[in-house]
Amino acid sequence: MQATSRIRQLPQNVVNQIAAGEIIERTASVVKELVENSIDAGASRIEVEIQQGGQDLIRVTDNGHGIYPEDLPLAMASHATSKLHSAEDLALVDTLGFRGEALASIGSVAKVVIQSCPHDLIQGGQIASDGERVSAPAPWNGSPGTRVEVRHLFFNSPVRRKFLKSPAADTAQISEILYRLILSRAHGTHASSDLHWVYRNNEKVVFQIPGGTGLVEKAALLFGKDFADELLPVEETVSGYRLTGFIGSPNLDQGSSRSQYFFLNGRWFRDKSVAHALQEGFKGHLMTGRFPVAFLFLDMAPEKVDVNVHPAKSEVRFREAGMVHHLVHNAVKKSLALLNPASRYSFPDKSPPAEGQLPASFPGPFSTPGTNQERQPFSLQSGPGPQNELPLPRLPFRQESTSTALPSWQSAISNLGQSQGAEVGSAESAISPIQQSWDSPLKAIQFFDSYILLETAEGVLVIDQHALHERVLYEQLKSRLQEGKVQKQKLLIPETIELPASVMSQVIENLDSFAELGFEIRGTGAKALLLDGIPAILGNKSPGDLFLAIVDHLYSKGAMPSRETLLHQVMSLTACHSAVRAGDKLTGTEMAMLAQMRHLSRSNYHCPHGRPTSLLIPKTDLERQFGRT
Amino acid sequence: MKAICNREALLSACQVASAAISSKDVKPILKNFKAVAADGRCTLMATDLELGIRIDVAGMVIQEPGEAILPAGKLISILREMRDSEFHLEADADASRITGQAVEFEMPGEDPAHFPDLPLFSDEKYHEVTAGKMREMIRRTVFAAASEMARYTMTGALWEIEKEKMRLVATDGRRLACADGVANCHGGHSIKGQTPVVPSKAMTLLDRNFTDDQETVRISFRPNEVLFKTERAVIYSRLVEGRFPDYKVVFPKKGLAKTTLPVEAFHTAVRQAAIMADDEVKKVVFKFSSKKLVMQAQGSASGRSKVEMDISYQGPAVDIAFNPVFVADLLKVLPDDSEVNLELVDSNSPALFKFADDYQYLIMPLT
């Protein structure tokens with residue numbers, strides 16, 4: 001009794017096991033630590049081999065500078081490193097590892113063999129650890145470089161072993177870790193950017209990436225060529241901070257931030273503020289709930305950032321966080337501005353939107369009816385803030401209408417333009433056809449076969465016919481499907497879905513939840529799934545899109561979507577397909593019906609994808625503009 | 001070319017051939033028919049390069065042989081609106097003219113040499129089957145094929161031909177139809193080593209141009225294409241690329257429960273029960289027990305339905321849910337006054353319908 005309550009120094013292997021708990025969570029962490037060591041050793045060729053998701057074997061072979069045989073025992077000791085010499089160096093870290101914990105931690109929870117030969121020796125050495133004791137160094141005859149073999153991870157800590165995921169899930173996570181490491185070395189400034197990578201899983205080569213390829217080529221190899229074709233370069237330098245890399249064009253938008261990779265001085269990291277700056281930079285180019293693709297490389301002097309915040313080094317603290325945010329935001333905006341002019345005009349800051357694509361929170365002069373009590377004046381000298389570097393926005397009523405549908409507007413516009421004087425911009429005259437239309441007996445008219453103008457008591461309502469119809473259909477579907485469990489249609493012939501490796505791990509970890517949603521998964525491979533049953537509501541639609549949407553949800557929310565969210569996904573697909581499209585000509589009756597149905601979705605002024613369905617131009621604002629009040 | 005045309009005969013040929021008119025705008029000439037008048041006959045051609053047809057036009061009096069390109073859409077509109085039962089057609093590379101009693105139409109022409117060539121049926125090795133049987137087999141399978149491109153390899157029917165036997169199989173992954181028939185082999189025609197899948201569109205076109213159940217169809221498979229010759233037409237189609245799933249493995253080993261259902265009464269009952277099923281998830285529960293079948297549907301907002309039918313049934317009771325559309329699709333192609341056999345295993349396994357000894361249909365249940 002007394003003996004157990006006395007304070008004692010813990011034995012070293014227990015200390016190491018505890019430390020391992022912090023760094024070595026899964027097999028992927030082992031791969032990360034070992035590959036980082038190889039990179040720090042100046043290797044130009046790294047081979048990673050795993051078996052059973054790394055649970056049976058992880059082997060990393062490099063041709064780096066190697067370890068001297070007499071240093072091998074130290075390599076297995078904790079807080080022993082060649083990368084850091086004193087506390088002052090901590091502020092100037094530019095190697096990937098430095099804490100000197102990794103090998104010792106791994107050695108305490110697995111059977112490890114290290115074989116290494118420096119380039120200037122004829123014979124190298126090897127050392128083995130069985131989890132408790134480290135063997136004496138023995139001679140080893142191998143080619144220069146280092147080979148670390150880790151077998152039976154957590155064999156001596158059954159509790160942690162139990163928490164290991166399935167081999168397939170671990171494989172997927174290792175792939176993701178390798179993506180990060182490969183991409184981190186893929187961009188210009190680092191000497192080791194011409195690393196040659198080989199990755200083998202269960203004795204099959206998964207990929208082989210030759211050295212000397214740029215980021216775009218690597219992205220093409222890892223994510224597919226279509227993906228790589230949509231990348232836009234980003235480059236910006238501000239007082240000691242440098243940002244380079246690529247962002248995906250808005251066409252490549254994703255349902256989650258999964259495809260955003262950030263690197264700081266060549267090391268992958270995650271950071272909310274950088275992600276936010278990126279998202280802000282894309283504001284107006286993406287619909288709500290969509291995320292851009294990005295590979296961003298930040299470079300700055302090591303003293304400007306503290307990387308020793310977290311043992312896994314995946315989080316950092318910037319000395320000047322505001323500067324970094326500003327840098328990323330500006331660089332992204334600048335890069336997007338170089339896209340074709342059409343997309344530049346779609347979402348000018350603080351001025352009226354074009355084509356009804358404005359984001360939900362758009363604070364522009366048109367208020368979204370019902371949601372905004374304090375309407376801003378319907379002013380066409382755009383609001384405060386930087387502007388004028390962009391041409392005035394193209395409102396949906398201009399040009400095409402004057403040249404096609406009603407030629408009489410042409411003169412009306414020019415008259416109005418003259419009478420209103422100089423301060424009135426082109427956008428002002430652009431909305432004048434609304435006034436003209438009230439002469440006609442129709443109270444609703446269609447523009448560009450896409451928008452409906454409607455007179456209401458409060459003012460002129462501009463309706464996006466597709467968005468509104470989608471919303472209405474969605475509401476109807478929703479009320480019908482609220483109850484009951486998800487029906488599953490069994491398949492005679494199993495359906496294959498191809499998924500990226502990073503997504504696969506999420507799926508495998510949540511097989512049961514997928515089953516609840518109607519997906520019966522029979523088997524999984526490295527990149528594909530076999531389905532024996534699909535949600536019956538899908539009808540003839542391919543299950544792939546829905547599957548990806550669910551995985552995205554899983555990634556961004558950290559949980560499986562509820563039944564309701566699933567329905568939402570399917571329904572927005574279904575509703576979108578059966579809704580009238582932009583470009584469909586509507587008859588007067590159809591228009592009237594659609595305008596009437598608007599009240600069915602009174603509480604929602606956005607389509608299921610988050611686009612607004614209608615905009616209101618308040619009557620009072622029109623009156624003010626025409627000097628009637 | 002110069003000819004006197006019979007309006008009705010030409011319209012009928014145009015309507016059949018228009019199925020092969022390209023719906024894409026890639027090659028504008030494919031929006032046209034090519035007409036060839038020679039040896040006292042007139043042939044109309046249409047193709048979208050995947051599918052093509054040459055069809056003989058009846059009732060034509062050729063005054064001057066030649067070739068011409070005729071705009072398909074406009075020509076069909078003209079023929080629909082014409083009141084003359086006979087009219088003059090004069091066409092060359094520059095223009096085509098249609099002259100009736102009181103109407104005259106002139107359309108720009110095009111060089112007929114630009115129209116892609118369609119193969120003739122000159123094969124000496126082929127299988128021959130009567131139009132009636134062919135039509136029956138097509139109608140019994142084509143509806144079960146997948147329509148969406150995501151299941152591309154299933155967007156047609158698999159044809160298995162062996163000496164004097166022929167089998168068509170179509171599936172969309174949820175149900176499968178398999179029809180058998182006999183065919184006469186000529187010249188040792190064989191598809192050994194091939195698993196040809198004929199696109200649904202080609203099969204529908206073939207079905208549409210039969211004029212008589214007694215006429216014969218000749219079928220010749222080539223490496224990537226198939227040719228059909230009927231009394232009045234030759235149809236060419238590319239085969240669906242890719243591997244058709246191994247359909248034989250999906251048939252249940254043995255049914256535990258068996259029943260025989262009268263087609264017309266069963267069809268009516270299924271339609272009645274389905275009224276209350278939701279549009280999005282069509283589901284009817286079929287409860288089989290000795291002497292009785294009860295069909296039930298429950299909609300989320302529409303209400304519920306229950307339909308009973310007396311049946312003779314051997315085996316353990318089984319409750320199984322199907323999409324009623326899949327059941328009705330089968331019953332639609334069976335003669336009303338006949339009977340269909342059903343074999344069941346349990347509520348999770350496919351149900352096997354058997355009609356006579358030459359038609360099988362599998363449906364996967366909803367669970």
# chains A, B, ... in the order shown; residues from 1 in each chain; ligands from 1
>>> closest_atom_pairs(of="chain B", to="chain A", cutoff="9 Å", atoms="only C-alpha atoms", output="Markdown table")
| residue | atom | partner | partner_atom | distance |
| --- | --- | --- | --- | --- |
| B:Ala146 | CA | A:Asn540 | CA | 8.2 |
| B:Ser147 | CA | A:Asn540 | CA | 8.0 |
| B:Glu148 | CA | A:Asn540 | CA | 6.9 |
| B:Met149 | CA | A:Ser542 | CA | 8.9 |
| B:Ala150 | CA | A:Ser542 | CA | 6.0 |
| B:Arg151 | CA | A:Ser542 | CA | 8.0 |
| B:Thr171 | CA | A:Ile493 | CA | 8.6 |
| B:Asp172 | CA | A:Ile493 | CA | 8.2 |
| B:Gly173 | CA | A:Ile493 | CA | 4.8 |
| B:Arg174 | CA | A:Leu491 | CA | 4.8 |
| B:Arg175 | CA | A:Leu492 | CA | 6.7 |
| B:Leu176 | CA | A:Leu492 | CA | 7.9 |
| B:Pro245 | CA | A:Ile493 | CA | 7.1 |
| B:Asp246 | CA | A:Ile493 | CA | 8.5 |
| B:Tyr247 | CA | A:Ile493 | CA | 7.9 |
| B:Val250 | CA | A:Leu492 | CA | 6.2 |
| B:Phe251 | CA | A:Leu492 | CA | 8.9 |
| B:Asp278 | CA | A:Arg480 | CA | 8.2 |
| B:Glu280 | CA | A:Ile537 | CA | 5.7 |
| B:Val281 | CA | A:Ile537 | CA | 5.2 |
| B:Lys282 | CA | A:Ala536 | CA | 8.3 |
| B:Lys283 | CA | A:Gln487 | CA | 8.7 |
| B:Gly299 | CA | A:Arg480 | CA | 8.4 |
| B:Ser300 | CA | A:Arg480 | CA | 5.6 |
| B:Ala301 | CA | A:Arg480 | CA | 5.9 |
| B:Ser302 | CA | A:Arg480 | CA | 8.7 |
| B:Phe322 | CA | A:Gln489 | CA | 8.6 |
| B:Asn323 | CA | A:Gln489 | CA | 8.6 |
| B:Asn348 | CA | A:Lys490 | CA | 8.0 |
| B:Ser349 | CA | A:Lys490 | CA | 8.7 |
| B:Pro350 | CA | A:Leu492 | CA | 7.5 |
| B:Leu362 | CA | A:Leu492 | CA | 8.5 |
| B:Ile363 | CA | A:Leu492 | CA | 7.9 |
| B:Met364 | CA | A:Lys490 | CA | 5.6 |
| B:Pro365 | CA | A:Lys490 | CA | 5.9 |
| B:Leu366 | CA | A:Gln489 | CA | 4.5 |
| B:Thr367 | CA | A:Lys488 | CA | 5.2 |
>>> select_by_dssp(residues="range 92-230 of chain A", states="alpha helix (DSSP H)", output="MDAnalysis selection string")
chainID A and resid 102:109 158:163 167:184 215:223 225:229
>>> atom_distance(atom1="CA of Gly245 in chain A", atom2="CA of Arg267 in chain A")
13.7 Å
>>> atom_distance(atom1="CA of Leu206 in chain B", atom2="CA of Pro71 in chain B")
22.7 Å
>>> residues_around(residues="Cys42 in chain B", least_positions_apart="5", cutoff="12 Å", atoms="only C-alpha atoms", output="NGL selection string")
:B and (1-6 or 9-10 or 13 or 34-37 or 54-68 or 89 or 232-233)
>>> residues_around(residues="Leu49 in chain B", least_positions_apart="5", cutoff="9 Å", atoms="only C-alpha atoms", output="NGL selection string")
:B and (20 or 22 or 30 or 116 or 237-238)
>>> residues_around(residues="Leu153 in chain A", least_positions_apart="5", cutoff="9 Å", atoms="only C-alpha atoms", output="list in words")
Arg26, Thr27, Gly54, Gln55, Asp56, Leu57, Ile106, Val109, Ala110, Lys111 and Arg161 of chain A
